[in-house]
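Asks: Structure file final.tsv (TSV, N, CA and C atoms) right here:
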```tsv
chain	number	residue	atom	x	y	z
A	714	MET	N	3.32	10.37	7.42
A	714	MET	CA	3.73	9.05	7.00
A	714	MET	C	4.90	8.60	7.85
A	715	ALA	N	4.87	7.40	8.34
A	715	ALA	CA	5.94	6.85	9.15
A	715	ALA	C	7.17	6.58	8.29
A	716	GLY	N	8.33	6.50	8.93
A	716	GLY	CA	9.57	6.20	8.21
A	716	GLY	C	9.57	4.76	7.76
A	717	PRO	N	10.54	4.39	6.93
A	717	PRO	CA	10.60	3.01	6.43
A	717	PRO	C	10.88	2.02	7.55
A	718	GLU	N	10.30	0.86	7.43
A	718	GLU	CA	10.55	-0.23	8.36
A	718	GLU	C	11.87	-0.89	8.00
A	719	LEU	N	12.64	-1.30	8.99
A	719	LEU	CA	13.86	-2.04	8.73
A	719	LEU	C	13.49	-3.50	8.50
A	720	ILE	N	14.21	-4.14	7.62
A	720	ILE	CA	13.91	-5.51	7.24
A	720	ILE	C	14.91	-6.44	7.92
A	721	ASP	N	14.40	-7.45	8.63
A	721	ASP	CA	15.25	-8.31	9.44
A	721	ASP	C	15.94	-9.43	8.69
A	722	ASN	N	15.29	-10.06	7.74
A	722	ASN	CA	15.82	-11.27	7.12
A	722	ASN	C	16.59	-10.93	5.85
A	723	PRO	N	17.92	-11.14	5.84
A	723	PRO	CA	18.68	-10.76	4.65
A	723	PRO	C	18.63	-11.79	3.52
A	724	LEU	N	18.07	-12.96	3.73
A	724	LEU	CA	18.05	-13.97	2.68
A	724	LEU	C	16.90	-13.76	1.72
A	725	ILE	N	15.70	-13.82	2.22
A	725	ILE	CA	14.51	-13.56	1.40
A	725	ILE	C	13.69	-12.58	2.22
A	726	THR	N	13.49	-11.39	1.67
A	726	THR	CA	12.83	-10.34	2.43
A	726	THR	C	11.61	-9.84	1.68
A	727	SER	N	10.74	-9.19	2.41
A	727	SER	CA	9.61	-8.51	1.82
A	727	SER	C	9.81	-7.02	2.04
A	728	LEU	N	9.78	-6.24	0.97
A	728	LEU	CA	9.99	-4.80	1.09
A	728	LEU	C	8.66	-4.12	1.39
A	729	GLU	N	8.68	-3.25	2.37
A	729	GLU	CA	7.51	-2.44	2.69
A	729	GLU	C	7.34	-1.37	1.61
A	730	GLU	N	6.11	-0.99	1.34
A	730	GLU	CA	5.87	0.01	0.30
A	730	GLU	C	6.59	1.32	0.60
A	731	ASP	N	6.74	1.67	1.87
A	731	ASP	CA	7.44	2.90	2.22
A	731	ASP	C	8.87	2.91	1.70
A	732	LEU	N	9.49	1.74	1.57
A	732	LEU	CA	10.87	1.67	1.10
A	732	LEU	C	10.99	1.86	-0.41
A	733	LEU	N	9.94	1.58	-1.14
A	733	LEU	CA	10.06	1.51	-2.59
A	733	LEU	C	10.41	2.83	-3.24
A	734	GLY	N	10.04	3.96	-2.65
A	734	GLY	CA	10.38	5.24	-3.23
A	734	GLY	C	11.65	5.84	-2.65
A	735	SER	N	12.37	5.10	-1.87
A	735	SER	CA	13.49	5.62	-1.10
A	735	SER	C	14.81	5.15	-1.70
A	736	PHE	N	15.40	5.96	-2.57
A	736	PHE	CA	16.61	5.52	-3.27
A	736	PHE	C	17.81	6.43	-3.04
A	737	GLY	N	17.64	7.55	-2.33
A	737	GLY	CA	18.68	8.56	-2.30
A	737	GLY	C	19.63	8.54	-1.13
A	738	MET	N	19.62	7.53	-0.29
A	738	MET	CA	20.43	7.56	0.92
A	738	MET	C	21.73	6.75	0.81
A	739	PHE	N	22.08	6.27	-0.35
A	739	PHE	CA	23.32	5.53	-0.50
A	739	PHE	C	24.50	6.48	-0.33
A	740	PRO	N	25.50	6.09	0.48
A	740	PRO	CA	26.70	6.92	0.57
A	740	PRO	C	27.52	6.80	-0.71
A	741	GLU	N	28.39	7.77	-0.97
A	741	GLU	CA	29.24	7.73	-2.16
A	741	GLU	C	30.22	6.56	-2.08
A	742	THR	N	30.76	6.29	-0.89
A	742	THR	CA	31.67	5.16	-0.69
A	742	THR	C	30.88	4.03	-0.04
A	743	ILE	N	30.89	2.87	-0.68
A	743	ILE	CA	30.21	1.70	-0.14
A	743	ILE	C	31.16	0.51	-0.21
A	744	TYR	N	30.73	-0.59	0.38
A	744	TYR	CA	31.54	-1.80	0.40
A	744	TYR	C	30.73	-2.95	-0.19
A	745	LEU	N	31.41	-3.79	-0.94
A	745	LEU	CA	30.81	-4.97	-1.57
A	745	LEU	C	31.56	-6.19	-1.07
A	746	ILE	N	30.94	-7.36	-1.21
A	746	ILE	CA	31.61	-8.61	-0.88
A	746	ILE	C	31.89	-9.34	-2.18
A	747	SER	N	33.16	-9.40	-2.54
A	747	SER	CA	33.58	-10.12	-3.75
A	747	SER	C	33.75	-11.58	-3.38
A	748	VAL	N	33.10	-12.45	-4.16
A	748	VAL	CA	33.23	-13.89	-3.92
A	748	VAL	C	34.09	-14.54	-5.00
A	749	GLY	N	34.79	-13.72	-5.78
A	749	GLY	CA	35.72	-14.22	-6.78
A	749	GLY	C	35.15	-14.25	-8.18
A	750	GLU	N	36.03	-14.23	-9.15
A	750	GLU	CA	35.69	-14.33	-10.56
A	750	GLU	C	34.64	-13.31	-11.01
A	751	GLY	N	34.74	-12.08	-10.50
A	751	GLY	CA	33.82	-11.03	-10.89
A	751	GLY	C	32.42	-11.18	-10.32
A	752	LYS	N	32.26	-12.01	-9.30
A	752	LYS	CA	30.96	-12.23	-8.66
A	752	LYS	C	30.94	-11.56	-7.29
A	753	TYR	N	29.74	-11.09	-6.92
A	753	TYR	CA	29.56	-10.37	-5.66
A	753	TYR	C	28.33	-10.92	-4.93
A	754	ALA	N	28.31	-10.72	-3.63
A	754	ALA	CA	27.16	-11.13	-2.83
A	754	ALA	C	25.92	-10.37	-3.31
A	755	ALA	N	24.83	-11.09	-3.44
A	755	ALA	CA	23.56	-10.52	-3.88
A	755	ALA	C	22.44	-11.12	-3.03
A	756	ASN	N	21.27	-10.53	-3.13
A	756	ASN	CA	20.12	-10.95	-2.34
A	756	ASN	C	18.86	-10.95	-3.18
A	757	ASN	N	17.84	-11.59	-2.65
A	757	ASN	CA	16.52	-11.60	-3.26
A	757	ASN	C	15.55	-11.00	-2.26
A	758	ALA	N	14.67	-10.12	-2.71
A	758	ALA	CA	13.63	-9.55	-1.86
A	758	ALA	C	12.30	-9.64	-2.59
A	759	THR	N	11.22	-9.72	-1.85
A	759	THR	CA	9.89	-9.79	-2.43
A	759	THR	C	9.17	-8.47	-2.19
A	760	LEU	N	8.70	-7.85	-3.27
A	760	LEU	CA	7.97	-6.60	-3.18
A	760	LEU	C	6.56	-6.85	-2.65
A	761	PRO	N	5.89	-5.80	-2.17
A	761	PRO	CA	4.53	-5.98	-1.65
A	761	PRO	C	3.57	-6.61	-2.66
A	762	ASP	N	3.81	-6.41	-3.98
A	762	ASP	CA	2.92	-7.00	-4.99
A	762	ASP	C	3.30	-8.45	-5.32
A	763	GLY	N	4.31	-8.99	-4.61
A	763	GLY	CA	4.71	-10.38	-4.82
A	763	GLY	C	5.84	-10.54	-5.82
A	764	GLN	N	6.25	-9.46	-6.48
A	764	GLN	CA	7.34	-9.52	-7.45
A	764	GLN	C	8.67	-9.76	-6.73
A	765	SER	N	9.47	-10.64	-7.29
A	765	SER	CA	10.78	-10.96	-6.74
A	765	SER	C	11.84	-10.04	-7.37
A	766	VAL	N	12.70	-9.46	-6.54
A	766	VAL	CA	13.74	-8.54	-7.01
A	766	VAL	C	15.09	-9.05	-6.51
A	767	ASN	N	16.07	-9.09	-7.41
A	767	ASN	CA	17.43	-9.46	-7.05
A	767	ASN	C	18.27	-8.19	-6.97
A	768	GLY	N	19.07	-8.08	-5.90
A	768	GLY	CA	19.88	-6.88	-5.73
A	768	GLY	C	21.29	-7.18	-5.27
A	769	LEU	N	22.21	-6.34	-5.72
A	769	LEU	CA	23.59	-6.40	-5.27
A	769	LEU	C	23.64	-5.95	-3.82
A	770	ALA	N	24.26	-6.73	-2.95
A	770	ALA	CA	24.37	-6.39	-1.53
A	770	ALA	C	25.47	-5.34	-1.35
A	771	CYS	N	25.10	-4.17	-0.82
A	771	CYS	CA	26.02	-3.07	-0.59
A	771	CYS	C	25.98	-2.71	0.90
A	772	PHE	N	27.09	-2.14	1.39
A	772	PHE	CA	27.21	-1.87	2.81
A	772	PHE	C	27.87	-0.51	3.03
A	773	PRO	N	27.42	0.26	4.04
A	773	PRO	CA	28.02	1.56	4.30
A	773	PRO	C	29.37	1.48	5.00
A	774	SER	N	29.70	0.30	5.57
A	774	SER	CA	30.97	0.15	6.27
A	774	SER	C	31.45	-1.30	6.18
A	775	PRO	N	32.75	-1.53	6.37
A	775	PRO	CA	33.24	-2.91	6.39
A	775	PRO	C	32.60	-3.72	7.53
A	776	ASP	N	32.30	-3.07	8.65
A	776	ASP	CA	31.67	-3.77	9.77
A	776	ASP	C	30.29	-4.31	9.38
A	777	ASP	N	29.53	-3.53	8.59
A	777	ASP	CA	28.22	-3.99	8.15
A	777	ASP	C	28.36	-5.19	7.21
A	778	ALA	N	29.39	-5.18	6.37
A	778	ALA	CA	29.64	-6.33	5.48
A	778	ALA	C	30.01	-7.56	6.30
A	779	THR	N	30.81	-7.37	7.33
A	779	THR	CA	31.20	-8.48	8.21
A	779	THR	C	29.98	-9.04	8.93
A	780	THR	N	29.09	-8.18	9.41
A	780	THR	CA	27.86	-8.62	10.06
A	780	THR	C	27.03	-9.48	9.12
A	781	TYR	N	26.89	-9.03	7.88
A	781	TYR	CA	26.13	-9.75	6.86
A	781	TYR	C	26.73	-11.14	6.61
A	782	MET	N	28.06	-11.20	6.47
A	782	MET	CA	28.71	-12.49	6.23
A	782	MET	C	28.51	-13.42	7.42
A	783	GLY	N	28.50	-12.87	8.63
A	783	GLY	CA	28.27	-13.68	9.82
A	783	GLY	C	26.86	-14.24	9.88
A	784	MET	N	25.89	-13.52	9.31
A	784	MET	CA	24.50	-13.97	9.30
A	784	MET	C	24.27	-15.08	8.28
A	785	LEU	N	25.10	-15.12	7.26
A	785	LEU	CA	24.94	-16.10	6.19
A	785	LEU	C	26.04	-17.16	6.33
A	786	ALA	N	25.75	-18.19	7.05
A	786	ALA	CA	26.73	-19.25	7.30
A	786	ALA	C	27.30	-19.73	5.97
A	787	GLY	N	28.59	-19.78	5.88
A	787	GLY	CA	29.23	-20.29	4.67
A	787	GLY	C	29.57	-19.23	3.64
A	788	LEU	N	29.09	-17.97	3.83
A	788	LEU	CA	29.44	-16.93	2.86
A	788	LEU	C	30.82	-16.41	3.21
A	789	GLY	N	31.74	-16.61	2.30
A	789	GLY	CA	33.08	-16.07	2.45
A	789	GLY	C	33.35	-15.16	1.29
A	790	GLY	N	34.27	-14.27	1.47
A	790	GLY	CA	34.61	-13.37	0.39
A	790	GLY	C	35.49	-12.26	0.90
A	791	GLU	N	35.85	-11.41	-0.01
A	791	GLU	CA	36.71	-10.28	0.30
A	791	GLU	C	35.88	-9.00	0.29
A	792	ILE	N	35.96	-8.24	1.36
A	792	ILE	CA	35.25	-6.96	1.42
A	792	ILE	C	36.05	-5.95	0.60
A	793	GLN	N	35.36	-5.35	-0.38
A	793	GLN	CA	36.02	-4.40	-1.28
A	793	GLN	C	35.36	-3.03	-1.19
A	794	LYS	N	36.19	-2.01	-1.08
A	794	LYS	CA	35.70	-0.63	-1.10
A	794	LYS	C	35.32	-0.27	-2.53
A	795	SER	N	34.22	0.44	-2.70
A	795	SER	CA	33.73	0.80	-4.02
A	795	SER	C	33.05	2.16	-3.93
A	796	THR	N	32.69	2.69	-5.08
A	796	THR	CA	31.85	3.88	-5.12
A	796	THR	C	30.43	3.45	-5.48
A	797	PHE	N	29.48	4.30	-5.20
A	797	PHE	CA	28.09	4.02	-5.56
A	797	PHE	C	27.99	3.81	-7.07
A	798	GLU	N	28.64	4.66	-7.85
A	798	GLU	CA	28.56	4.54	-9.32
A	798	GLU	C	29.14	3.22	-9.81
A	799	LYS	N	30.27	2.79	-9.24
A	799	LYS	CA	30.86	1.52	-9.64
A	799	LYS	C	29.91	0.36	-9.30
A	800	ALA	N	29.27	0.41	-8.13
A	800	ALA	CA	28.31	-0.63	-7.75
A	800	ALA	C	27.13	-0.65	-8.72
A	801	ARG	N	26.68	0.53	-9.14
A	801	ARG	CA	25.59	0.61	-10.14
A	801	ARG	C	26.03	-0.06	-11.44
A	802	GLU	N	27.25	0.22	-11.87
A	802	GLU	CA	27.77	-0.38	-13.10
A	802	GLU	C	27.84	-1.90	-12.98
A	803	ILE	N	28.28	-2.40	-11.83
A	803	ILE	CA	28.34	-3.84	-11.61
A	803	ILE	C	26.95	-4.44	-11.71
A	804	ALA	N	25.98	-3.83	-11.02
A	804	ALA	CA	24.61	-4.35	-11.05
A	804	ALA	C	24.03	-4.31	-12.47
A	805	GLN	N	24.29	-3.24	-13.20
A	805	GLN	CA	23.78	-3.13	-14.55
A	805	GLN	C	24.42	-4.15	-15.48
A	806	SER	N	25.64	-4.57	-15.18
A	806	SER	CA	26.32	-5.54	-16.04
A	806	SER	C	25.87	-6.98	-15.79
A	807	LYS	N	25.10	-7.18	-14.73
A	807	LYS	CA	24.61	-8.52	-14.37
A	807	LYS	C	23.11	-8.57	-14.68
A	808	PRO	N	22.71	-9.19	-15.77
A	808	PRO	CA	21.30	-9.18	-16.18
A	808	PRO	C	20.32	-9.68	-15.10
A	809	VAL	N	20.78	-10.51	-14.18
A	809	VAL	CA	19.89	-11.05	-13.16
A	809	VAL	C	19.60	-10.03	-12.05
A	810	LEU	N	20.40	-8.96	-11.95
A	810	LEU	CA	20.22	-7.99	-10.87
A	810	LEU	C	19.34	-6.82	-11.31
A	811	ASP	N	18.41	-6.45	-10.43
A	811	ASP	CA	17.47	-5.36	-10.70
A	811	ASP	C	17.79	-4.11	-9.90
A	812	ALA	N	18.56	-4.26	-8.80
A	812	ALA	CA	18.70	-3.16	-7.86
A	812	ALA	C	19.97	-3.29	-7.04
A	813	LEU	N	20.24	-2.23	-6.28
A	813	LEU	CA	21.25	-2.26	-5.22
A	813	LEU	C	20.48	-2.28	-3.91
A	814	PHE	N	20.90	-3.11	-2.98
A	814	PHE	CA	20.32	-3.14	-1.63
A	814	PHE	C	21.39	-2.63	-0.67
A	815	LEU	N	21.07	-1.62	0.13
A	815	LEU	CA	21.99	-1.13	1.14
A	815	LEU	C	21.62	-1.78	2.47
A	816	PHE	N	22.54	-2.60	2.98
A	816	PHE	CA	22.35	-3.29	4.25
A	816	PHE	C	23.08	-2.55	5.35
A	817	GLN	N	22.39	-2.35	6.45
A	817	GLN	CA	23.01	-1.76	7.63
A	817	GLN	C	22.51	-2.55	8.83
A	818	GLY	N	23.42	-3.04	9.65
A	818	GLY	CA	23.04	-3.85	10.79
A	818	GLY	C	22.32	-5.13	10.38
A	819	GLY	N	22.65	-5.66	9.20
A	819	GLY	CA	22.02	-6.89	8.73
A	819	GLY	C	20.65	-6.71	8.13
A	820	ARG	N	20.23	-5.47	7.90
A	820	ARG	CA	18.89	-5.18	7.38
A	820	ARG	C	18.98	-4.30	6.14
A	821	ILE	N	18.03	-4.47	5.23
A	821	ILE	CA	17.96	-3.59	4.05
A	821	ILE	C	17.37	-2.27	4.53
A	822	VAL	N	18.12	-1.18	4.31
A	822	VAL	CA	17.63	0.14	4.70
A	822	VAL	C	17.35	1.05	3.51
A	823	GLU	N	17.89	0.70	2.34
A	823	GLU	CA	17.66	1.48	1.12
A	823	GLU	C	17.70	0.55	-0.09
A	824	VAL	N	16.96	0.95	-1.13
A	824	VAL	CA	16.92	0.22	-2.40
A	824	VAL	C	17.10	1.24	-3.52
A	825	HIS	N	17.94	0.88	-4.49
A	825	HIS	CA	18.11	1.71	-5.68
A	825	HIS	C	17.98	0.80	-6.90
A	826	PHE	N	16.94	1.03	-7.69
A	826	PHE	CA	16.71	0.19	-8.88
A	826	PHE	C	17.62	0.63	-10.02
A	827	VAL	N	18.18	-0.35	-10.73
A	827	VAL	CA	19.03	-0.08	-11.90
A	827	VAL	C	18.33	-0.46	-13.20
A	828	ARG	N	17.19	-1.13	-13.12
A	828	ARG	CA	16.39	-1.51	-14.29
A	828	ARG	C	14.94	-1.15	-14.02
```
Could you render the structure as structure tokens?
Replies:
Amino acid sequence: MAGPELIDNPLITSLEEDLLGSFGMFPETIYLISVGEGKYAANNATLPDGQSVNGLACFPSPDDATTYMGMLAGLGGEIQKSTFEKAREIAQSKPVLDALFLFQGGRIVEVHFVR
């Protein structure tokens, strides 16, 4: 089986089936983009079956968060260091979020479902 495909479009993406079972590669320390008032950058992705999934945008480094903000004209915010567990708690506290998306180089490389 080939490795997961990297996803190019961070706004609305389609997840390859190979990615759907891949949840274990999140680092313990990750970075989030806080946009104020307890809100964080999030994304929408479309699963192969057409289901729409909303996920908290997570990054393995501040540089990856900066790249993401540069790709999304008008997205401003503060890059905050977090743990994987804290990011899971944030996602679980937001009923609209289904998962964590790990972005690297502007692409989703891992998905972790919280619901």
Asks: Taking into account only C-alpha atoms, which residue in the set A:Leu788, A:Gly763, A:Asn757, A:Gln793 is nearest to Asp776 (chain A)?
Replies: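 Smallest distance to Asp776 (chain A) is found for A:Gln793.
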Asks: Between CA of Leu785 (chain A) and atom C of Met738 (chain A), what is the spacing in Å?
Replies: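 CA of Leu785 (chain A) lies 23.7 Å from atom C of Met738 (chain A).
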Asks: Run DSSP on the backbone of this structure and report the residues of region 760-795 of chain A it assigns to alpha helix (DSSP H), as a ChimeraX atom specification.
Replies: /A:775-784
Asks: Measure the distance from atom N of Val827 (chain A) to atom N of Gly790 (chain A) in Å and round it to one decimal.
Replies: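 Going from atom N of Val827 (chain A) over to atom N of Gly790 (chain A), I get 24.5 Å.
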Asks: Just to confirm, what's the straight-line distance from CA of Thr780 (chain A) to atom C of Gly819 (chain A) in Å (one decimal)?
Replies: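 Between CA of Thr780 (chain A) and atom C of Gly819 (chain A) the gap works out to 7.7 Å.
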Asks: Here is a test: counting all atoms listed in the file, which residue of A:Phe816, A:Glu823, A:Ile743, A:Asp811 is nearest to Gly768 (chain A)?
Replies: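 Once distances to Gly768 (chain A) are computed over all atoms listed in the file, the minimum belongs to A:Asp811.
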Asks: Using only N, CA and C atoms, can you tell me which of A:Met782, A:Ile803, A:Val748, A:Cys771 comes closest to Gln817 (chain A)?
Replies: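 Residue with the minimum atom-to-atom distance to Gln817 (chain A): A:Cys771.
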Asks: Considering only C-alpha atoms, can you say which of A:Leu810, A:Phe739, A:Gly749, A:Gly818 comes closest to Pro775 (chain A)?
Replies: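 For Pro775 (chain A), the nearest of the candidates is A:Gly818.
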Asks: Which residue gives the smallest distance to Ala778 (chain A) among A:Ala800, A:Val766, A:Ile746, A:Ala755, with only N, CA and C atoms counted?
Replies: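 Looking at the shortest contact to Ala778 (chain A), the residue is A:Ile746.
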Asks: When DSSP works through the backbone of this structure, what residues of region 733-773 of chain A end up as strand (DSSP E or B), shown as a PyMOL selection string?
Replies: chain A and resi 742-749+752-753+755-759+765-772
Asks: As a PDB file with N, CA and C atoms, in the coordinates of the input, please: the residues near Leu815 (chain A) (cut-off 6 Å, only N, CA and C atoms, same-chain neighbours under 4 positions excluded).
Replies:
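Here's the written file result.pdb:
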```
ATOM      1  N   ALA A 770      24.260  -6.730  -2.950  1.00  0.00           N
ATOM      2  CA  ALA A 770      24.370  -6.390  -1.530  1.00  0.00           C
ATOM      3  C   ALA A 770      25.470  -5.340  -1.350  1.00  0.00           C
ATOM      4  N   CYS A 771      25.100  -4.170  -0.820  1.00  0.00           N
ATOM      5  CA  CYS A 771      26.020  -3.070  -0.590  1.00  0.00           C
ATOM      6  C   CYS A 771      25.980  -2.710   0.900  1.00  0.00           C
ATOM      7  N   PHE A 772      27.090  -2.140   1.390  1.00  0.00           N
ATOM      8  CA  PHE A 772      27.210  -1.870   2.810  1.00  0.00           C
ATOM      9  C   PHE A 772      27.870  -0.510   3.030  1.00  0.00           C
ATOM     10  N   ARG A 820      20.230  -5.470   7.900  1.00  0.00           N
ATOM     11  CA  ARG A 820      18.890  -5.180   7.380  1.00  0.00           C
ATOM     12  C   ARG A 820      18.980  -4.300   6.140  1.00  0.00           C
ATOM     13  N   ILE A 821      18.030  -4.470   5.230  1.00  0.00           N
ATOM     14  CA  ILE A 821      17.960  -3.590   4.050  1.00  0.00           C
ATOM     15  C   ILE A 821      17.370  -2.270   4.530  1.00  0.00           C
ATOM     16  N   VAL A 822      18.120  -1.180   4.310  1.00  0.00           N
ATOM     17  CA  VAL A 822      17.630   0.140   4.700  1.00  0.00           C
ATOM     18  C   VAL A 822      17.350   1.050   3.510  1.00  0.00           C
ATOM     19  N   GLU A 823      17.890   0.700   2.340  1.00  0.00           N
ATOM     20  CA  GLU A 823      17.660   1.480   1.120  1.00  0.00           C
ATOM     21  C   GLU A 823      17.700   0.550  -0.090  1.00  0.00           C
ATOM     22  N   VAL A 824      16.960   0.950  -1.130  1.00  0.00           N
ATOM     23  CA  VAL A 824      16.920   0.220  -2.400  1.00  0.00           C
ATOM     24  C   VAL A 824      17.100   1.240  -3.520  1.00  0.00           C
TER      25      VAL A 824
END
```
